[in-house]
Every structure is written in C-alpha cells, then in structure tokens.
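Source file: input15.cif. Holds: mmCIF, C-alpha atoms.
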data_coords
#
loop_
_atom_site.label_atom_id
_atom_site.label_comp_id
_atom_site.auth_asym_id
_atom_site.auth_seq_id
_atom_site.Cartn_x
_atom_site.Cartn_y
_atom_site.Cartn_z
CA MET S 15 14.95 -26.35 18.10
CA THR S 16 14.55 -29.04 15.49
CA SER S 17 15.44 -28.17 11.92
CA GLU S 18 11.73 -28.29 11.02
CA ALA S 19 10.89 -25.78 13.71
CA ILE S 20 13.71 -23.55 12.47
CA ASP S 21 12.37 -23.75 8.91
CA ALA S 22 8.87 -22.95 10.09
CA ALA S 23 10.18 -19.98 12.06
CA LYS S 24 12.08 -18.74 8.99
CA ILE S 25 9.03 -19.02 6.77
CA GLU S 26 6.93 -17.20 9.36
CA ALA S 27 9.50 -14.39 9.62
CA GLU S 28 9.47 -14.07 5.83
CA GLN S 29 5.69 -13.93 5.77
CA ILE S 30 5.67 -11.26 8.43
CA LYS S 31 8.25 -9.23 6.52
CA SER S 32 6.34 -9.52 3.29
CA PHE S 33 3.06 -8.60 5.00
CA ARG S 34 4.80 -5.59 6.52
CA ASP S 35 6.11 -4.54 3.08
CA PHE S 36 2.61 -4.93 1.70
CA LEU S 37 1.17 -2.69 4.39
CA PHE S 38 3.83 -0.04 3.79
CA SER S 39 3.12 -0.13 0.11
CA TYR S 40 -0.62 0.25 0.86
CA ASN S 41 0.13 3.38 2.87
CA LYS S 42 2.31 4.78 0.10
CA LEU S 43 -0.40 4.05 -2.45
CA SER S 44 -3.06 5.79 -0.36
CA GLU S 45 -0.88 8.85 -0.03
CA LEU S 46 -0.05 8.94 -3.72
CA CYS S 47 -3.64 8.58 -4.85
CA PHE S 48 -4.85 11.15 -2.35
CA VAL S 49 -2.26 13.73 -3.38
CA ASP S 50 -2.88 13.20 -7.09
CA CYS S 51 -6.67 12.87 -7.08
CA VAL S 52 -8.12 15.08 -4.37
CA TRP S 53 -7.95 18.81 -4.97
CA ASP S 54 -11.34 20.09 -3.87
CA PHE S 55 -11.68 20.93 -0.19
CA THR S 56 -15.03 22.67 -0.34
CA SER S 57 -16.67 19.59 1.17
CA ARG S 58 -15.90 16.70 3.52
CA THR S 59 -17.18 13.95 1.25
CA ILE S 60 -15.35 12.32 -1.63
CA LYS S 61 -16.89 13.16 -4.99
CA ASP S 62 -17.57 10.56 -7.71
CA GLN S 63 -14.72 11.85 -9.87
CA GLU S 64 -12.31 11.69 -6.97
CA ASN S 65 -13.48 8.19 -6.14
CA SER S 66 -13.01 6.87 -9.66
CA CYS S 67 -9.65 8.64 -9.89
CA ALA S 68 -8.48 6.98 -6.67
CA VAL S 69 -9.69 3.53 -7.69
CA ASN S 70 -8.04 3.82 -11.10
CA CYS S 71 -4.91 5.14 -9.43
CA ALA S 72 -4.73 2.05 -7.21
CA GLU S 73 -5.21 -0.35 -10.10
CA LYS S 74 -2.73 1.45 -12.33
CA PHE S 75 -0.14 1.55 -9.56
CA LEU S 76 -0.36 -2.20 -9.08
CA LYS S 77 -0.17 -2.92 -12.80
CA ALA S 78 2.77 -0.54 -13.17
CA ASN S 79 4.51 -2.36 -10.30
CA GLN S 80 3.90 -5.72 -11.95
CA ARG S 81 5.34 -4.50 -15.22
CA ILE S 82 8.35 -2.99 -13.50
CA SER S 83 9.07 -6.20 -11.66
CA GLN S 84 8.69 -8.20 -14.90
CA CYS S 85 11.20 -5.96 -16.71
CA PHE S 86 13.53 -6.13 -13.75
CA GLN S 87 13.38 -9.92 -13.72
CA GLU S 88 14.18 -10.03 -17.44
CA PHE S 89 17.07 -7.67 -16.82
CA GLN S 90 18.31 -9.90 -13.96
CA VAL S 91 18.18 -12.99 -16.17
CA LEU S 92 20.17 -11.22 -18.90
CA SER S 93 22.68 -9.83 -16.47
CA ASN S 94 23.17 -13.28 -14.89
CA GLU S 95 23.78 -14.80 -18.30
CA ASN S 96 26.33 -12.10 -19.06
CA ALA S 97 28.07 -12.68 -15.74
CA LEU S 98 28.25 -16.42 -16.43
CA ALA S 99 29.60 -15.82 -19.91
CA MET S 100 32.25 -13.49 -18.53
CA ALA S 101 33.19 -15.98 -15.82
CA LYS S 102 33.63 -18.77 -18.38
CA LYS S 103 36.08 -16.72 -20.47
CA MET B 9 -7.33 -7.53 10.21
CA ALA B 10 -6.95 -10.16 12.93
CA ALA B 11 -10.10 -11.94 11.74
CA THR B 12 -8.56 -12.76 8.37
CA ILE B 13 -5.54 -14.60 9.84
CA PRO B 14 -6.33 -18.12 11.08
CA GLN B 15 -4.66 -19.85 14.02
CA MET B 16 -3.73 -16.86 16.12
CA ASP B 17 -1.64 -17.49 19.14
CA ALA B 18 -0.58 -14.88 21.66
CA ALA B 19 2.80 -14.17 20.07
CA LYS B 20 1.30 -13.71 16.60
CA MET B 21 -1.46 -11.50 18.00
CA GLN B 22 1.18 -9.30 19.58
CA LEU B 23 3.09 -9.09 16.29
CA VAL B 24 -0.02 -8.17 14.35
CA GLN B 25 -0.97 -5.53 16.90
CA ASP B 26 2.54 -4.04 16.80
CA LEU B 27 2.42 -4.03 13.02
CA GLU B 28 -0.94 -2.33 13.06
CA ILE B 29 0.31 0.38 15.39
CA GLU B 30 3.37 0.93 13.22
CA MET B 31 1.24 1.20 10.09
CA MET B 32 -1.26 3.55 11.72
CA SER B 33 1.57 5.79 12.77
CA ASP B 34 3.09 5.71 9.26
CA MET B 35 -0.29 6.57 7.75
CA TYR B 36 -0.72 9.39 10.23
CA ASN B 37 2.63 10.87 9.24
CA ARG B 38 1.82 10.67 5.55
CA MET B 39 -1.61 12.19 6.11
CA THR B 40 -0.08 15.05 8.07
CA ALA B 41 2.43 15.73 5.31
CA ALA B 42 -0.20 15.52 2.55
CA CYS B 43 -2.70 17.79 4.28
CA HIS B 44 -0.04 20.28 5.19
CA LYS B 45 0.95 20.45 1.54
CA LYS B 46 -2.64 20.77 0.36
CA CYS B 47 -3.98 23.23 2.87
CA ILE B 48 -1.19 25.44 4.10
CA PRO B 49 0.39 27.73 1.52
CA PRO B 50 4.13 28.22 2.15
CA LYS B 51 3.72 31.89 2.97
CA TYR B 52 4.33 32.37 6.65
CA LYS B 53 3.20 35.93 7.20
CA ASP B 54 1.43 34.95 10.40
CA ALA B 55 1.73 32.09 12.90
CA GLU B 56 -2.00 31.65 13.54
CA LEU B 57 -4.11 29.30 11.45
CA VAL B 58 -6.59 31.16 9.30
CA LYS B 59 -10.16 29.83 9.38
CA GLY B 60 -9.87 28.68 5.76
CA GLU B 61 -6.79 26.64 6.62
CA SER B 62 -8.47 25.05 9.64
CA VAL B 63 -11.54 24.08 7.67
CA CYS B 64 -9.36 22.75 4.87
CA LEU B 65 -7.38 20.61 7.31
CA ASP B 66 -10.63 19.23 8.75
CA ARG B 67 -11.91 18.22 5.37
CA CYS B 68 -8.49 16.99 4.25
CA VAL B 69 -8.29 14.52 7.12
CA ALA B 70 -11.81 13.26 6.44
CA LYS B 71 -11.06 12.81 2.76
CA TYR B 72 -7.69 11.18 3.33
CA LEU B 73 -9.17 8.58 5.63
CA ASP B 74 -11.96 7.94 3.15
CA ILE B 75 -9.50 7.48 0.28
CA HIS B 76 -7.35 5.21 2.48
CA GLU B 77 -10.38 3.00 3.06
CA ARG B 78 -11.42 2.92 -0.59
CA VAL B 79 -7.90 2.09 -1.77
CA GLY B 80 -7.78 -0.69 0.81
CA ARG B 81 -11.04 -2.14 -0.46
CA LYS B 82 -9.79 -2.00 -4.04
CA LEU B 83 -6.53 -3.71 -3.06
CA THR B 84 -8.41 -6.52 -1.29
CA GLN B 85 -10.67 -6.94 -4.28
CA MET B 86 -7.71 -7.10 -6.67
CA SER B 87 -5.77 -9.53 -4.53
CA LEU B 88 -8.83 -11.80 -4.28
CA GLN B 89 -9.08 -11.71 -8.07
CA ASP B 90 -5.39 -12.60 -8.31
CA ASP B 91 -5.85 -15.50 -5.91
CA GLU B 92 -8.76 -16.84 -7.95
CA ALA B 93 -6.77 -16.55 -11.18
CA VAL B 94 -3.85 -18.43 -9.61
CA LYS B 95 -6.19 -21.16 -8.33
CA LYS B 96 -7.71 -21.50 -11.78
CA LEU B 97 -4.29 -21.84 -13.37
CA GLN B 98 -3.27 -24.44 -10.80
CA GLY B 99 -6.46 -26.35 -11.48
CA GLU B 100 -5.86 -26.32 -15.22
CA MET B 101 -2.19 -27.25 -15.04
CA PRO B 102 -1.44 -31.01 -15.01
CA ARG B 103 -0.40 -32.13 -11.54
CA MET B 104 3.28 -33.07 -11.46
#
Could you show the structure in this file as structure tokens?
Amino acid sequence: MTSEAIDAAKIEAEQIKSFRDFLFSYNKLSELCFVDCVWDFTSRTIKDQENSCAVNCAEKFLKANQRISQCFQEFQVLSNENALAMAKK
Amino acid sequence: MAATIPQMDAAKMQLVQDLEIEMMSDMYNRMTAACHKKCIPPKYKDAELVKGESVCLDRCVAKYLDIHERVGRKLTQMSLQDDEAVKKLQGEMPRM
C-alpha cells in the first residue's frame, strides 16, 4: 500500500469511528429524552407537550455537550501549560 | 442512511449495514430497559403480565420509536444548521 492509500484508509477509519460515536450518542439522547419527557401511557400517540419537551431536550443536550467540551478544552490548555512550566523547572 | 453517503462501494455498504444493525440492536436494548422501567412496577407478586402492563408496554414501544424519530429529525436539522454556519464563516474568512 502506498503511503497515500494508508493515509486515506486511516482517515476513513476515523470517519467510521466518529460516525459510530455519533450514532451511539443519538441512541443515548433518544433514551434520555424519552425517559425524561414521556410519562403518559394512556395513548399511543405523542402529545404536543411531550413533543416539545423531546425537541427541547435534544437541543439542550447538544448545547450542554458543546459547553462541556469547551470547558474541557480550556482545562486541557491550562493543564498543558502547567505541565510545560513544571517540566522547565 | 445509505442514500446520504456518496460513492458507496461494496465494502463501505457492508460497514454501513453492520453499523446499522449494531445501532438498531443498541436502540432495542435501551427501549426495552426504558419501557420496563416505565411500565412494570418492581413488585413481583405474580409472574404473569397484567393487562395494564401489556397495554402500557405496547404504547411505550410506539412512543419510544416516535420519539427516536423526532430526535433524529431534530439532530439532522441542527447539524445542517451547523454546517451552514461553518460554510458562512469559511466564506467570510480571508482565504490563506
């Protein structure tokens, strides 16, 4: 395999992994929103309240994830700087 | 799902199918756990399913699948919005 083909294969494997993670997270999100929003089993159809709850749940979950990853990145940057400073001493 | 991914060759198709099966099975497990929690009170006086529990399970499955679909639609919508925002930013940024 040429080095280009190897790189392409690596990128593809990464894409597949990240797609897989996305799908898992979709499943988790569905479960979470269902458990938190749907309490009325007197009918088979989703009510308007349940629908808006689920949609808001999805959006909030994503925004919460974004914020968490932002904070984590900031933390990583700080912790890297600290590690460098310690190494220099 | 396959329609949204361009340039499908046999190996990729197989991967996507395998992934889909895995995800379906994961969703099924979660749905089972959720509906069990919602519909079956943890009081095991009797082994048989009461009619109320059966009906609840029926409706639970229907609702779970519905929610799963709606959440999926919302996710697609949000990720399209994200893509558009990124494209806009790239358009506005000076090319390096």
Residue hits in chain S, query chain B, radius 8 Å, all atoms listed in the file, as a ChimeraX atom specification | /S:34,37-38,40-41,43-45,47-49,53,55-60,65,68-69,72-73
Could you save the residues just selected, with C-alpha atoms, as a short mmCIF file (atom, residue, chain, number, x, y, z; two decimals), in the coordinates of the input?
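As written to disk, part_6.cif reads:
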data_model
loop_
_atom_site.label_atom_id
_atom_site.label_comp_id
_atom_site.auth_asym_id
_atom_site.auth_seq_id
_atom_site.Cartn_x
_atom_site.Cartn_y
_atom_site.Cartn_z
CA ARG S 34 4.80 -5.59 6.52
CA LEU S 37 1.17 -2.69 4.39
CA PHE S 38 3.83 -0.04 3.79
CA TYR S 40 -0.62 0.25 0.86
CA ASN S 41 0.13 3.38 2.87
CA LEU S 43 -0.40 4.05 -2.45
CA SER S 44 -3.06 5.79 -0.36
CA GLU S 45 -0.88 8.85 -0.03
CA CYS S 47 -3.64 8.58 -4.85
CA PHE S 48 -4.85 11.15 -2.35
CA VAL S 49 -2.26 13.73 -3.38
CA TRP S 53 -7.95 18.81 -4.97
CA PHE S 55 -11.68 20.93 -0.19
CA THR S 56 -15.03 22.67 -0.34
CA SER S 57 -16.67 19.59 1.17
CA ARG S 58 -15.90 16.70 3.52
CA THR S 59 -17.18 13.95 1.25
CA ILE S 60 -15.35 12.32 -1.63
CA ASN S 65 -13.48 8.19 -6.14
CA ALA S 68 -8.48 6.98 -6.67
CA VAL S 69 -9.69 3.53 -7.69
CA ALA S 72 -4.73 2.05 -7.21
CA GLU S 73 -5.21 -0.35 -10.10
#
Report the distance between CA of Val94 (chain B) and CA of Ile25 (chain S) in Å, rounded to one decimal place.
-> 20.8 Å
Go through S:Glu18, S:Ile82, S:Ile30, S:Lys24 and flag the residue nearest Met21 (chain B), using all atoms listed in the file for the distances.
-> S:Ile30
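If you look at CA of Val91 (chain S) and CA of Asp35 (chain S), they are 24.2 Å away from each other.
What separates CA of Ala19 (chain B) from CA of Thr16 (chain S) is a distance of 19.5 Å.
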With all atoms of region 22-35 of chain B from the file as input, state the centre and edge lengths in Å to one decimal of the axis-aligned box that has 5 Å extra on each side, as lines of an AutoDock Vina configuration file.
center_x = 1.1
center_y = -1.4
center_z = 13.7
size_x = 14.6
size_y = 25.9
size_z = 21.8
Contacts of Cys71 (chain S) at 9 Å (all atoms listed in the file; same-chain gap of 4+ positions) as a count of residues only | 10
Kindly write N, CA and C atoms of region 73-100 of chain B from the structure just given to a file, as a short mmCIF file (atom, residue, chain, number, x, y, z; two decimals), in the first residue's frame.
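result.cif, freshly written:
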data_model
loop_
_atom_site.label_atom_id
_atom_site.label_comp_id
_atom_site.auth_asym_id
_atom_site.auth_seq_id
_atom_site.Cartn_x
_atom_site.Cartn_y
_atom_site.Cartn_z
N LEU B 73 -40.40 4.73 19.76
CA LEU B 73 -39.97 4.79 18.36
C LEU B 73 -40.29 6.15 17.75
N ASP B 74 -41.42 6.71 18.14
CA ASP B 74 -41.80 8.03 17.66
C ASP B 74 -40.79 9.08 18.14
N ILE B 75 -40.48 9.05 19.43
CA ILE B 75 -39.50 10.00 19.98
C ILE B 75 -38.15 9.83 19.29
N HIS B 76 -37.75 8.59 19.07
CA HIS B 76 -36.47 8.30 18.42
C HIS B 76 -36.40 8.98 17.06
N GLU B 77 -37.53 8.89 16.32
CA GLU B 77 -37.59 9.52 15.01
C GLU B 77 -37.52 11.04 15.11
N ARG B 78 -38.30 11.60 16.05
CA ARG B 78 -38.33 13.06 16.17
C ARG B 78 -36.97 13.61 16.58
N VAL B 79 -36.33 12.93 17.53
CA VAL B 79 -35.00 13.37 17.96
C VAL B 79 -34.03 13.31 16.79
N GLY B 80 -34.14 12.25 15.98
CA GLY B 80 -33.28 12.12 14.81
C GLY B 80 -33.47 13.27 13.84
N ARG B 81 -34.74 13.64 13.62
CA ARG B 81 -35.03 14.75 12.71
C ARG B 81 -34.44 16.04 13.26
N LYS B 82 -34.59 16.25 14.57
CA LYS B 82 -34.06 17.47 15.17
C LYS B 82 -32.54 17.51 15.05
N LEU B 83 -31.90 16.38 15.28
CA LEU B 83 -30.43 16.30 15.17
C LEU B 83 -29.98 16.64 13.76
N THR B 84 -30.67 16.07 12.75
CA THR B 84 -30.30 16.36 11.36
C THR B 84 -30.46 17.83 11.09
N GLN B 85 -31.58 18.39 11.56
CA GLN B 85 -31.83 19.81 11.33
C GLN B 85 -30.72 20.64 11.95
N MET B 86 -30.34 20.31 13.21
CA MET B 86 -29.32 21.10 13.89
C MET B 86 -27.96 20.95 13.21
N SER B 87 -27.67 19.75 12.74
CA SER B 87 -26.35 19.57 12.13
C SER B 87 -26.29 20.26 10.77
N LEU B 88 -27.44 20.35 10.07
CA LEU B 88 -27.46 21.12 8.83
C LEU B 88 -27.22 22.59 9.12
N GLN B 89 -27.87 23.08 10.20
CA GLN B 89 -27.67 24.48 10.58
C GLN B 89 -26.20 24.74 10.90
N ASP B 90 -25.59 23.81 11.63
CA ASP B 90 -24.17 23.94 11.97
C ASP B 90 -23.32 24.02 10.71
N ASP B 91 -23.61 23.09 9.77
CA ASP B 91 -22.85 23.07 8.51
C ASP B 91 -22.95 24.40 7.80
N GLU B 92 -24.18 24.95 7.74
CA GLU B 92 -24.37 26.23 7.04
C GLU B 92 -23.59 27.32 7.74
N ALA B 93 -23.62 27.33 9.08
CA ALA B 93 -22.89 28.36 9.83
C ALA B 93 -21.40 28.26 9.54
N VAL B 94 -20.89 27.03 9.52
CA VAL B 94 -19.45 26.84 9.24
C VAL B 94 -19.12 27.33 7.84
N LYS B 95 -20.00 27.00 6.87
CA LYS B 95 -19.73 27.44 5.49
C LYS B 95 -19.71 28.95 5.40
N LYS B 96 -20.65 29.59 6.12
CA LYS B 96 -20.71 31.05 6.12
C LYS B 96 -19.41 31.62 6.65
N LEU B 97 -18.97 31.07 7.80
CA LEU B 97 -17.73 31.56 8.41
C LEU B 97 -16.57 31.40 7.44
N GLN B 98 -16.50 30.23 6.78
CA GLN B 98 -15.40 29.99 5.85
C GLN B 98 -15.46 30.96 4.69
N GLY B 99 -16.68 31.31 4.27
CA GLY B 99 -16.83 32.26 3.18
C GLY B 99 -16.38 33.65 3.58
N GLU B 100 -16.66 34.00 4.87
CA GLU B 100 -16.31 35.35 5.30
C GLU B 100 -14.84 35.48 5.64
#
